[in-house]
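This report refers to the structure that appears directly beneath it.
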Amino acid sequence: MSFVQPAIEVDHTNPFDATTAATVIVDERGVVIGWSPAAEDLFGRPARAVVGRSLTEFLPDMTGQPWVGAPALGEPTRTAHSTFLRPDGSMTHIVLRSSPLGHPAGGAARIVVAAEAERAERWVTDRSLLDGLYTQSPLVLTIYGPDLRVHWINNRLYEEMGFSPDEWVGQHISDLLPLGAVLSPAGSANLEEIIERVLGTGEPVFDVMYGSPTPADPEHQWVWSCSYFRLEDPEGNPLGVCESAFEITERYEEGVRLALLGRASQIGASLDVVGTAEDLARAAVPELADRAEIRLAEYVVTGAPAGGPPAPPGKEGGALRRVAERSSVRRLTPEPWLGFFGRSRADGDPQRIVLPLEAGGAMLGTASFTRALPRHGFTGQDQALAMELVSRTAVAVDNARRYAHEHGVALALQRSLLPRRLPEATAAEVAHRYVPAAGPLGVGGDWYDVIPLSGARVGLVVGDVVGHGLDAAATMGRLRTTVRALAALDLTPDELLARLDDLVAQAHIGIHRPSAPSFEDPALGATCLYGVYDPVSGTFSVASAGHPSPVVAVTGQSATPLDLPVGPPLGIGGLPFESTDIHLPKGSRIALYTDGLVQDRDQDADVGLKALTRAMDRGRTSLAETCDSIIAARSDGLAEDDAALLLVRVHALDADSMVSQQVPRDPSAVAATRTRAGRQLEKWGLQDMTFTAELVVSELVTNAIRYGEEPISLRLLRDRDRTLICEISDGGHTSPYLRRATTEDEGGRGLFLVAQFTDRWGTRFSREGKTIWTELRLGDNI
């Protein structure tokens with residue numbers, strides 16, 4: 001077409017309207033008896049030059065007959081296209097319509113209406129467009145008046161909804177479709193409020209999803225995409241609102257299915273078996289089904305290892321436990337059924353489907369989905385969607401089951417490797433806690449230990465292995481055992497960590513290096529803190545291998561982290577370890593911990609450390625209560641790392657519980673030393689142990705005089721009512737050893753006798769020499 005023109009500039013009035021069009025009236029003779037002003041403009045001739053003259057003088061014959069004669073009875077309106085020459089010499093293309101006029105006494109016989117061909121064609125096109133929208137458009141068109149009532153509808157609305165125009169016009173949409181509701185955008189008001197807003201503001205609204213059952217199909221919900229714009233008169237005054245709606249039920253349902261599949265990625269995110277089943281039920285109701293029920297095999301719920309595929313339901317050993325159930329709630333008052341599938345129903349569609357939860361050849365349980373009447377049954381698409389959801393859930397349930405089993409094994413291993421009961425020691429009162437991480441991380445490699453040492457001393461250990469799970473727990477056990485073995489050698493803290501570091505760096509702790517060149521010991525990068533407290537001197541000696549410094553609360557002072565030089569983690573190497581010695585008054589408290597106690601994703605270590613020091617300042621509470629308050633301050637159930645905490649309150653030996661003396665390097669001094677030792681035992685009320693103690697003192701002092709170096713000293717310690725400790729020190733560094741003397745040997749039986757008459761004995765070395773110590777349980781009478 002050649003009349004392309006913006007719609008806003010188009011004149012939409014009827015070009016053949018007699019009141020505005022070029023109108024000519026002729027009588028039976030074909031003489032012009034009427035000539036409108038519009039005719040003057042179109043034909044370029046004034047009325048005075050035309051009226052009274054024959055029309056054929058300046059207009060061609062339309063019908064092949066002259067413009068004369070009375071019109072025949074029932075003569076139709078004739079339309080013709082013509083071109084004529086205007087007086088100014090321009091050619092004009094026009095469309096003529098000739099209609100008969102009845103006149104009993106003659107006179108006017110015909111009315112001829114003319115219009116420019118381009119305007120006439122444009123009007124015909126506009127008219128055909130409006131007719132098409134009314135009768136043939138696939139869009140549902142509705143016009144609402146200022147009163148928000150329906151004023152006009154097209155045929156498509158009747159075809160889709162089953163309303164006749166008489167039933168529709170003059171009604172509110174809420175009265176016609178009481179179960180209708182706006183589906184999206186989320187939080188949108190009802191349609192009448194949207195229409196009222198468009199009418200007031202003039203701003204159009206697009207793509208409003210509206211769903212409702214219809215009189216043509218009252219059992220199911222249909223969905224339309226609706227758009228709204230305001231209708232205005234030429235002066236811009238609002239006349240109403242036009243609604244165009246397109247039925248998109250299948251597309252909407254497909255979108256709901258895709259949204260369901262999208263939410264399926266969240267199923268099993270918690271790595272919890274029951275939580276995963278609940279995720280499936282939550283995803284399926286109400287979009288896919290009215291009710292969902294998930295049952296799992298007993299071994300899946302309990303996390304026990306499966307010895308093989310369980311028996312089918314109904315068979316022995318195949319009992320299933322219902323772990324999740326969800327139903328859609330339908331009130332007695334009418335409400336929309338949003339998101340329901342199954343607009344078209346085929347015979348045989350089931351109302352209930354039961355699908356197995358299977359993974360790796362093992363049946364984990366079942367999932368059943370039910371639809372309640374009058375909702376239609378499951379279609380093939382619905383069943384395929386349900387199978388996809390169940391398949392993903394089965395994999396997630398199996399992963400959660402395996403995780404629960406491994407987590408249980410790791411936790412049991414961790415618990416078995418940690419000390420169930422710490423030894424009682426005169427030097428220290430202890431309390432401890434271990435808390436595994438929440439979520440999929442679970443058990444880690446944090447550990448603690450309290451190790452009794454010679455001379456009433458006590459070793460304090462805390463460490464952290466990199467990683468989580470079985471490997472971390474097993475590695476923790478290896479490190480803890482190694483630390484105890486090294487501590488039995490009475491090594492200083494820095495020397496113990498150095499030897500432990502060497503073992504980790506060599507990739508063997510009690511085992512040989514594997515042949516694989518890519519092997520890396522799981523202990524690599526572990527951190528450890530080892531300290532020794534001596535109740536005689538009140539000295540706490542501690543060293544760290546990449547581990548956080550302990551918090552110390554001295555009586556009468558605020559708790560503060562110990563200023564400790566921190567060496568590299570185990571196996572890294574490069575720097576030596578250093579010990580720090582501090583004096584702790586009686587009653588001081590020490591907190592040894594792992595970083596999981598003070599640090600997580602939402603909390604810096606500094607913040608957690610301040611909380612720990614505040615808890616340590618509450619010194620009136622018991623150690624167990626302090627432990628509980630510190631653990632409770634962690635993120636409840638959200639900690640991303642496991643944590644170990646060891647609280648220690650140190651004690652000191654009383655001055656009257658220990659005595660020492662120098663021994664000359666003279667064999668004659670043995671008898672005097674033995675006598676003084678017997679007197680001290682009598683003073684302590686330990687006369688029953690005099691014989692054994694004097695024997696031990698005599699043998700050890702004799703060995704020191706004979707094989708040792710000056711200075712030689714004897715120290716007796718009474719560890720409350722538990723142990724009598726006898727220590728002989730000299731300046732030599734030669735280690736004595738136990739040997740079996742033959743019948744012909746004159747010596748070599750001294751240490752053998754000491755080992756037989758004492759509970760424990762050993763040797764520890766220092767920079768000044770060595771000390772041979774023995775322990776006798778109080779109350780033993782040899």
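For the structure tokens, the naming scheme is as follows: chains receive sequential letters (A, B, ...) according to their order of presentation, residues are indexed from 1 within each chain, and ligands are indexed from 1 in presentation order.
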
DSSP-assigned strand (DSSP E or B) members of segment 123-312 of chain A, reported as a ChimeraX atom specification: /A:140-144,150-153,181-184,205-214,217-232,238-247,291-297

DSSP alpha helix (DSSP H) selection over segment 349-572 of chain A, as a PyMOL selection string: chain A and resi 380-417+470-487+493-505

All residues 7 Å or closer to Met161 of chain A, only C-alpha atoms, same chain fewer than 5 positions away omitted, as a VMD selection string: chain A and resid 214 to 216

Selection export as a PDB file, in the first residue's frame, atoms kept: N, CA and C atoms:
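To be explicit, this is the file written out as part.pdb:
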ATOM      1  N   THR A 214     -12.795 -21.262  34.040  1.00  0.00           N
ATOM      2  CA  THR A 214     -13.760 -20.552  33.209  1.00  0.00           C
ATOM      3  C   THR A 214     -15.058 -21.345  33.141  1.00  0.00           C
ATOM      4  N   PRO A 215     -16.161 -20.704  32.777  1.00  0.00           N
ATOM      5  CA  PRO A 215     -17.410 -21.460  32.597  1.00  0.00           C
ATOM      6  C   PRO A 215     -17.266 -22.570  31.557  1.00  0.00           C
ATOM      7  N   ALA A 216     -16.403 -22.370  30.558  1.00  0.00           N
ATOM      8  CA  ALA A 216     -16.203 -23.420  29.555  1.00  0.00           C
ATOM      9  C   ALA A 216     -15.425 -24.601  30.121  1.00  0.00           C
TER      10      ALA A 216
END

Contact residues around Asp666 of chain A with only C-alpha atoms at 12 Å, ignoring same-chain residues under 5 positions, as a list in words: Ala671, Ala672, Thr673, Val701, Thr702, Asn703, Ala704, Ile705, Arg706, Tyr707, Gly708, Glu709, Glu710, Pro711 and Ile712 of chain A

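When the distance limit is 6 Å and only C-alpha atoms are what count, the residues near segment 239-252 of chain A, minus those fewer than 6 positions from it on the same chain, are Leu139, Val140, Leu141, Thr142, Ile143, Tyr144, Gly145, Pro146, Trp222, Val223, Trp224, Ser225, Cys226, Ser227, Tyr228, Phe229, Arg230, Leu231 and Glu232 of chain A.
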
With N, CA, C and O atoms kept, could you save the residues just selected as an mmCIF file, in the first residue's frame?
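Printed below is selection-v2.cif as written:
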data_model
loop_
_atom_site.group_PDB
_atom_site.id
_atom_site.type_symbol
_atom_site.label_atom_id
_atom_site.label_comp_id
_atom_site.auth_asym_id
_atom_site.auth_seq_id
_atom_site.Cartn_x
_atom_site.Cartn_y
_atom_site.Cartn_z
ATOM 1 N N LEU A 139 -6.376 -12.731 20.058
ATOM 2 C CA LEU A 139 -6.304 -12.067 21.352
ATOM 3 C C LEU A 139 -7.692 -11.888 21.933
ATOM 4 O O LEU A 139 -8.660 -11.627 21.210
ATOM 5 N N VAL A 140 -7.787 -12.018 23.225
ATOM 6 C CA VAL A 140 -9.018 -11.693 23.941
ATOM 7 C C VAL A 140 -8.984 -10.198 24.222
ATOM 8 O O VAL A 140 -8.075 -9.700 24.893
ATOM 9 N N LEU A 141 -9.938 -9.459 23.681
ATOM 10 C CA LEU A 141 -9.990 -8.009 23.845
ATOM 11 C C LEU A 141 -11.193 -7.638 24.693
ATOM 12 O O LEU A 141 -12.307 -8.122 24.461
ATOM 13 N N THR A 142 -10.952 -6.787 25.660
ATOM 14 C CA THR A 142 -12.010 -6.325 26.561
ATOM 15 C C THR A 142 -11.798 -4.840 26.809
ATOM 16 O O THR A 142 -10.665 -4.390 26.992
ATOM 17 N N ILE A 143 -12.882 -4.097 26.792
ATOM 18 C CA ILE A 143 -12.830 -2.673 27.105
ATOM 19 C C ILE A 143 -13.622 -2.449 28.385
ATOM 20 O O ILE A 143 -14.782 -2.852 28.490
ATOM 21 N N TYR A 144 -12.925 -1.827 29.365
ATOM 22 C CA TYR A 144 -13.554 -1.495 30.638
ATOM 23 C C TYR A 144 -13.829 0.001 30.653
ATOM 24 O O TYR A 144 -12.982 0.814 30.258
ATOM 25 N N GLY A 145 -15.001 0.345 31.151
ATOM 26 C CA GLY A 145 -15.364 1.743 31.251
ATOM 27 C C GLY A 145 -14.795 2.394 32.488
ATOM 28 O O GLY A 145 -14.113 1.758 33.297
ATOM 29 N N PRO A 146 -15.067 3.679 32.681
ATOM 30 C CA PRO A 146 -14.572 4.371 33.875
ATOM 31 C C PRO A 146 -15.086 3.749 35.172
ATOM 32 O O PRO A 146 -14.474 3.929 36.225
ATOM 33 N N TRP A 222 -6.969 -21.852 33.656
ATOM 34 C CA TRP A 222 -6.356 -21.348 32.431
ATOM 35 C C TRP A 222 -5.539 -20.122 32.802
ATOM 36 O O TRP A 222 -5.810 -19.442 33.782
ATOM 37 N N VAL A 223 -4.559 -19.833 31.996
ATOM 38 C CA VAL A 223 -3.657 -18.719 32.287
ATOM 39 C C VAL A 223 -3.554 -17.837 31.049
ATOM 40 O O VAL A 223 -3.426 -18.347 29.921
ATOM 41 N N TRP A 224 -3.633 -16.523 31.279
ATOM 42 C CA TRP A 224 -3.496 -15.543 30.197
ATOM 43 C C TRP A 224 -2.394 -14.544 30.543
ATOM 44 O O TRP A 224 -2.134 -14.261 31.717
ATOM 45 N N SER A 225 -1.770 -14.046 29.494
ATOM 46 C CA SER A 225 -0.856 -12.925 29.633
ATOM 47 C C SER A 225 -1.615 -11.678 29.208
ATOM 48 O O SER A 225 -2.038 -11.562 28.042
ATOM 49 N N CYS A 226 -1.807 -10.734 30.128
ATOM 50 C CA CYS A 226 -2.674 -9.584 29.890
ATOM 51 C C CYS A 226 -1.856 -8.292 29.866
ATOM 52 O O CYS A 226 -0.899 -8.134 30.633
ATOM 53 N N SER A 227 -2.286 -7.389 28.964
ATOM 54 C CA SER A 227 -1.701 -6.052 28.902
ATOM 55 C C SER A 227 -2.833 -5.035 28.903
ATOM 56 O O SER A 227 -3.935 -5.310 28.394
ATOM 57 N N TYR A 228 -2.542 -3.833 29.438
ATOM 58 C CA TYR A 228 -3.591 -2.821 29.626
ATOM 59 C C TYR A 228 -3.073 -1.460 29.168
ATOM 60 O O TYR A 228 -1.922 -1.103 29.416
ATOM 61 N N PHE A 229 -3.964 -0.710 28.483
ATOM 62 C CA PHE A 229 -3.646 0.669 28.124
ATOM 63 C C PHE A 229 -4.938 1.476 28.133
ATOM 64 O O PHE A 229 -6.041 0.956 27.974
ATOM 65 N N ARG A 230 -4.771 2.781 28.354
ATOM 66 C CA ARG A 230 -5.941 3.652 28.507
ATOM 67 C C ARG A 230 -6.455 4.129 27.158
ATOM 68 O O ARG A 230 -5.666 4.420 26.249
ATOM 69 N N LEU A 231 -7.767 4.229 27.031
ATOM 70 C CA LEU A 231 -8.423 4.799 25.857
ATOM 71 C C LEU A 231 -8.799 6.245 26.158
ATOM 72 O O LEU A 231 -9.324 6.539 27.242
ATOM 73 N N GLU A 232 -8.549 7.135 25.180
ATOM 74 C CA GLU A 232 -8.775 8.559 25.390
ATOM 75 C C GLU A 232 -9.525 9.149 24.207
ATOM 76 O O GLU A 232 -9.441 8.658 23.066
#

Segment 79-89 of chain A surroundings by only C-alpha atoms, 8 Å radius, close-in-sequence under 5 positions cut, as a PyMOL selection string: chain A and resi 43-45+58-60+62+94-98+117

Could you write out that same residue set with C-alpha atoms as a PDB file, in the first residue's frame?
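Contents of result_0.pdb, as written:
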ATOM      1  CA  PHE A  43     -13.631  18.692  -7.243  1.00  0.00           C
ATOM      2  CA  GLY A  44     -12.337  22.255  -7.205  1.00  0.00           C
ATOM      3  CA  ARG A  45     -15.674  23.766  -8.394  1.00  0.00           C
ATOM      4  CA  PHE A  58     -17.455  16.969 -15.317  1.00  0.00           C
ATOM      5  CA  LEU A  59     -17.824  13.420 -13.932  1.00  0.00           C
ATOM      6  CA  PRO A  60     -17.446  10.277 -16.034  1.00  0.00           C
ATOM      7  CA  MET A  62     -19.822   5.221 -13.402  1.00  0.00           C
ATOM      8  CA  ILE A  94     -11.432   9.138  -6.240  1.00  0.00           C
ATOM      9  CA  VAL A  95     -13.918   6.537  -5.136  1.00  0.00           C
ATOM     10  CA  LEU A  96     -17.576   7.175  -5.903  1.00  0.00           C
ATOM     11  CA  ARG A  97     -20.592   5.665  -4.201  1.00  0.00           C
ATOM     12  CA  SER A  98     -23.996   6.166  -5.813  1.00  0.00           C
ATOM     13  CA  ALA A 117      -9.011   6.959  -3.195  1.00  0.00           C
TER      14      ALA A 117
END

Polymer residues at most 10 Å from Ser391 of chain A, only C-alpha atoms, same-chain spacing of 4 or more positions, as a PyMOL selection string: chain A and resi 355-359+385-387+395-397

Residue nearest Arg392 of chain A - candidates A:Ala545, A:Ala264, A:Val598, A:Ala425, atoms counted: only C-alpha atoms: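 The closest residue to Arg392 of chain A is A:Ala264.
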